[in-house]
Structure formats: C-alpha cells, structure tokens
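Visitor: Encoded as structure tokens, here's the structure I'll be asking about.
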Amino acid sequence: MTMAIDWTLARALLEWQLELGVTDAVLAEPVDRFVQPAAALDEAPMPPAMTAPGAVSFAAPDAGAPLAPAVHVAAPEIDAVALATQAAQRARSLPDLAEALADFAPCELRRGARNCVFSDGNPNAQVMIVGEGPGAEEDKLGKPFVGRAGQLLDQMFGAIGLTRSSPDPAASVYITNTVPWRPPGNREPTPEELAMLRPFLLRHIELAAPRVLVLVGNVACDALLGRRGILRLRGHWTQAGDLPAMPMTHPAYLLRNPAAKREAWADLLSIKARLASGL
Ligand code: URA
C-alpha cells in the first residue's frame with residue numbers, strides 16, 4: 001500500500017530520520033540532479049525502500065507526480081582555475097612550468113594525449129608564437145607545429161629571417177599553444193579547458209618574456225585577447241597584457257585558403273618592421 005503525503009508530513013518524516021541519525025540519502029547509483037533535465041527527474045529511479053509495498057510515497061505539492069526525495073549529496077568541488085593559478089605561479093623557470101603543467105591532473109585532455117606539448121624554439125626569442133593546440137603529429141612527437149601547418153609556419157617566419165633553431169634572440173622564434181594536450185578528434189579546446197589552462201599560458205609568457213606575441217588563429221586570440229574574429233583582428237597590432245600582439249590567420253587556414261597568404265605576408269612584414277624599429 002502507498003500513502004500520498006503532503007510536504008509538511010514529508011518534512012516531519014525527514015526530520016525524524018535526521019533525529020535517528022540518518023545523514024545521507026543514497027541510491028544504488030549516484031544521481032546528480034543539477035545536471036538532469038527537468039523531464040528526467042520524473043523518471044529517476046526511486047530507491048527500493050521507497051517503492052516497496054507499504055512504503056510512503058512523496059507527492060509533489062502541486063503536480064501530484066511521484067518524485068524521489070531531492071536530496072543532493074554535494075560532490076567535493078575543485079576549483080581547477082585556482083589550482084592552475086597556484087601551480088603556474090609556483091613555477092620559477094620554464095622547466096619548472098613544463099613539469100607543473102605535465103603533472104596538472106584536473107584537465108581531462110591530459111588523459112587522452114600521448115605527450116604534453118610544451119614548447120619549441122628559442123626560449124630567449126624576441127617573438128613568441130601562440131597557436132591553438134597540438135594535432136596528431138605534435139602529440140606523437142611532443143613538439144608544437146610539426147605537421148603540415150607547422151612546416152608552413154616555419155616557412156613564413158623563415159621568410160622574415162626568424163627560425164626556431166637560431167640561438168640569436170633577434171633571429172629566432174619561441175612557440176607554444178593555448179593547450180598542451182591534443183583535444184580528441186582535433187576539436188577546438190572548450191571554453192572551460194581554455195580557462196583552466198590559461199594561468200599556465202600567462203605564466204609561460206611571463207617567464208619567456210618576449211618582446212612581441214604573435215597569436216595565430218581564433219583560439220589564441222580568444223585565450224589572450226578574449227576576442228574572436230581573426231579575419232577582422234589580423235594585421236592590427238593590439239595589446240595582450242602588457243605586450244604588443246599581432247593576430248594572424250592560422251597556417252592551417254592558409255593551407256585551405258592560399259589566397260589569404262598575401263595578407264599573412266603583410267602581417268609578417270609588419271612584425272619584421274616592428275622588431276627593426278626597436279619599439
Ligand atoms: N596547430 C596548432 O595550433 N598548434 C600546433 O602545435 C599544431 C597545429
């Protein structure tokens with residue numbers, strides 16, 4: 001037999017259970033009612049004790065539909081951005097930071113990747129390039145921009161006299177990405193992933209201390225300028241924190257749209273002119 005009860009009786013019964021020492025209401029499987037769509041709540045399994053013959057049922061005050069008692073047992077929340085900020089700020093050097101990033105467990109991307117792709121090039125370079133995230137080749141080799149897009153990137157910067165391998169800060173580039181782990185299926189990093197890993201990126205820039213930043217593609221602009229719309233942003237010097245930054249189209253875009261190389265060349269010349277001007 002089941003008995004419909006109103007909310008005052010339901011509350012009194014819960015208070016009585018609390019007095020008896022009940023501290024948690026659990027099902028066989030955890031149910032996070034904050035993420036369930038409203039419709040699913042009506043279908044949530046009731047604990048056996050609630051559906052057994054003779055048990056009381058809890059009627060919703062207005063709808064009359066049966067509902068399991070909505071007791072939310074809070075999962076311990078971690079503030080991944082705060083953890084990332086602490087870990088990044090503790091790093092006193094680039095190798096420290098690379099180690100802290102490789103050990104940063106809260107980011108799910110880490111589990112699906114083979115390598116933590118930290119950086120490549122000359123850490124003392126005047127120009128620091130920030131890309132999106134590793135692809136398949138980068139994940140395999142543990143270095144940023146080593147696939148087709150990376151080869152084009154090297155050619156582009158080589159054309160203004162900057163290479164990854166030069167020991168001269170004025171003739172080299174230093175390269176990293178917004179996220180160090182390959183997102184599954186080469187998707188873009190989510191806003192949550194970008195926010196979580198941004199403290200590492202900011203510390204990376206702080207420790208490398210380049211003269212200028214080059215932000216290639218929308219995701220790098222999103223992470224460091226909080227803006228997208230690369231076709232409008234490109235070619236215009238802007239400020240990322242206290243550094244001058246040049247947004248450019250991503251080399252993967254240029255591979256698909258060779259006509260856009262003309263504008264990319266203009267952007268490269270602007271970078272070269274800025275470096276020569278000593279600004
Ligand atoms: N694209 C990027 O944005 N970064 C890489 O490292 C490789 C491809």
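We name chains A, B, ... following the order of the structure tokens; residues begin at 1 in each chain, and ligands are numbered from 1 as shown.
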Using only C-alpha atoms and all ligand atoms, which residues of the polymer chains come no farther than 10 Å from ligand 1? I'd like the answer as a ChimeraX atom specification.

Guide: /A:117-120,129-139,142-151,153,175-182,186,188,215-220,250-252

Visitor: Could you give me, as a list of chain:residue names, the residues within 12 Å of Asp96 (chain A), counting only C-alpha atoms and dropping anything in the same chain fewer than 4 positions from it?

Guide: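 Those residues are A:Ala87, A:Ala88, A:Gln89, A:Arg90, A:Ala91, A:Arg92, A:Ala100, A:Leu101, A:Ala102, A:Asp103, A:Phe118, A:Phe200, A:Arg203, A:His204, A:Leu207.
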
Visitor: Near region 268-274 of chain A, within 12 Å and counting only C-alpha atoms, which residues show up once chain neighbours fewer than 3 positions away are dropped, as an MDAnalysis selection string?

Guide: chainID A and resid 126:129 153 155:162 170:173 211:216 234:237 244:249 261:265 277:279

Visitor: Using only C-alpha atoms, which of A:Leu97, A:Val81, A:Ala113, A:Ala10 sits nearest Glu206 (chain A)?

Guide: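 For Glu206 (chain A), the nearest of the candidates is A:Leu97.
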
Visitor: Find the distance between CA of Met196 (chain A) and CA of Ala98 (chain A) and write it in Å to one decimal.

Guide: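 A separation of 15.5 Å between them.
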
Visitor: Point out the residue among A:Ala82, A:Ala74, A:Ala208, A:Leu152 with the least atom-to-atom distance to Gly121 (chain A), counting only C-alpha atoms.

Guide: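 Smallest distance to Gly121 (chain A) is found for A:Ala208.
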
Visitor: Work out how far apart CA of Ala240 (chain A) and CA of Ile205 (chain A) are and give it in Å to one decimal.

Guide: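 We find that CA of Ala240 (chain A) and CA of Ile205 (chain A) lie 10.3 Å from each other.
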
Visitor: Compare A:Gln17, A:Ser166, A:Ser93, A:Thr85 by their minimum atom-to-atom distance to Ala125 (chain A), counting only C-alpha atoms, and give me the closest one.

Guide: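 Closest residue, counting only C-alpha atoms: A:Ser166.
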
Visitor: Could you tell me, as a list in words, which residues of region 56-176 of chain A DSSP assigns to strand (DSSP E) when given the backbone?

Guide: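 Of region 56-176 of chain A, only Val56, Ser57, Phe58, Asp120, Gly121, Val127, Met128, Ile129, Val130, Gly131, Val173, Tyr174, Ile175 and Thr176 of chain A fall in strand (DSSP E).
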
Visitor: Next, write the just-selected residues to a file, as an mmCIF file, in the first residue's frame, keeping N, CA, C and O atoms as the atom set.

Guide:
data_model
loop_
_atom_site.group_PDB
_atom_site.id
_atom_site.type_symbol
_atom_site.label_atom_id
_atom_site.label_comp_id
_atom_site.auth_asym_id
_atom_site.auth_seq_id
_atom_site.Cartn_x
_atom_site.Cartn_y
_atom_site.Cartn_z
ATOM 1 N N VAL A 56 5.865 4.774 2.111
ATOM 2 C CA VAL A 56 5.199 6.035 1.804
ATOM 3 C C VAL A 56 5.703 6.552 0.474
ATOM 4 O O VAL A 56 6.817 6.236 0.056
ATOM 5 N N SER A 57 4.876 7.293 -0.277
ATOM 6 C CA SER A 57 5.368 7.963 -1.476
ATOM 7 C C SER A 57 5.321 9.462 -1.221
ATOM 8 O O SER A 57 4.485 9.937 -0.463
ATOM 9 N N PHE A 58 6.259 10.204 -1.848
ATOM 10 C CA PHE A 58 6.322 11.651 -1.654
ATOM 11 C C PHE A 58 5.645 12.330 -2.829
ATOM 12 O O PHE A 58 6.127 12.273 -3.933
ATOM 13 N N ASP A 120 58.555 24.850 -28.327
ATOM 14 C CA ASP A 120 59.729 24.569 -29.157
ATOM 15 C C ASP A 120 60.352 25.907 -29.537
ATOM 16 O O ASP A 120 59.724 26.953 -29.402
ATOM 17 N N GLY A 121 61.593 25.863 -29.985
ATOM 18 C CA GLY A 121 62.264 27.090 -30.410
ATOM 19 C C GLY A 121 63.180 27.628 -29.333
ATOM 20 O O GLY A 121 63.534 26.929 -28.384
ATOM 21 N N VAL A 127 60.352 36.968 -30.353
ATOM 22 C CA VAL A 127 58.991 36.698 -30.845
ATOM 23 C C VAL A 127 58.480 35.386 -30.268
ATOM 24 O O VAL A 127 59.143 34.349 -30.400
ATOM 25 N N MET A 128 57.325 35.450 -29.628
ATOM 26 C CA MET A 128 56.705 34.225 -29.110
ATOM 27 C C MET A 128 55.400 34.019 -29.873
ATOM 28 O O MET A 128 54.537 34.908 -29.920
ATOM 29 N N ILE A 129 55.278 32.831 -30.471
ATOM 30 C CA ILE A 129 54.088 32.491 -31.258
ATOM 31 C C ILE A 129 53.177 31.607 -30.414
ATOM 32 O O ILE A 129 53.641 30.633 -29.812
ATOM 33 N N VAL A 130 51.898 31.959 -30.364
ATOM 34 C CA VAL A 130 50.935 31.128 -29.628
ATOM 35 C C VAL A 130 49.927 30.569 -30.630
ATOM 36 O O VAL A 130 49.239 31.322 -31.328
ATOM 37 N N GLY A 131 49.879 29.242 -30.714
ATOM 38 C CA GLY A 131 48.920 28.575 -31.604
ATOM 39 C C GLY A 131 47.734 28.055 -30.821
ATOM 40 O O GLY A 131 47.485 28.478 -29.681
ATOM 41 N N VAL A 173 62.365 32.295 -33.093
ATOM 42 C CA VAL A 173 61.001 32.328 -32.541
ATOM 43 C C VAL A 173 60.902 31.283 -31.435
ATOM 44 O O VAL A 173 61.671 30.305 -31.406
ATOM 45 N N TYR A 174 59.954 31.529 -30.551
ATOM 46 C CA TYR A 174 59.633 30.568 -29.494
ATOM 47 C C TYR A 174 58.148 30.257 -29.674
ATOM 48 O O TYR A 174 57.332 31.171 -29.891
ATOM 49 N N ILE A 175 57.779 28.973 -29.609
ATOM 50 C CA ILE A 175 56.415 28.571 -29.998
ATOM 51 C C ILE A 175 55.730 27.765 -28.901
ATOM 52 O O ILE A 175 56.317 26.846 -28.317
ATOM 53 N N THR A 176 54.478 28.124 -28.641
ATOM 54 C CA THR A 176 53.664 27.303 -27.742
ATOM 55 C C THR A 176 52.227 27.311 -28.247
ATOM 56 O O THR A 176 51.934 27.826 -29.324
#

Visitor: Which residue is closest to Pro183 (chain A)? Choose from A:Leu201, A:Cys116, A:Leu231, A:Leu225 and count only C-alpha atoms.

Guide: A:Cys116

Visitor: Provide the CA of Glu77 (chain A) to CA of Leu194 (chain A) distance in Å, to one decimal place.

Guide: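 Atom-to-atom, CA of Glu77 (chain A) and CA of Leu194 (chain A) are spaced 18.8 Å apart.
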
Visitor: Would you please extract all alpha helix (DSSP H) residues from region 147-218 of chain A, as assigned by DSSP on the backbone, and give them as number ranges by chain?

Guide: A: 148-158, 191-208, 218
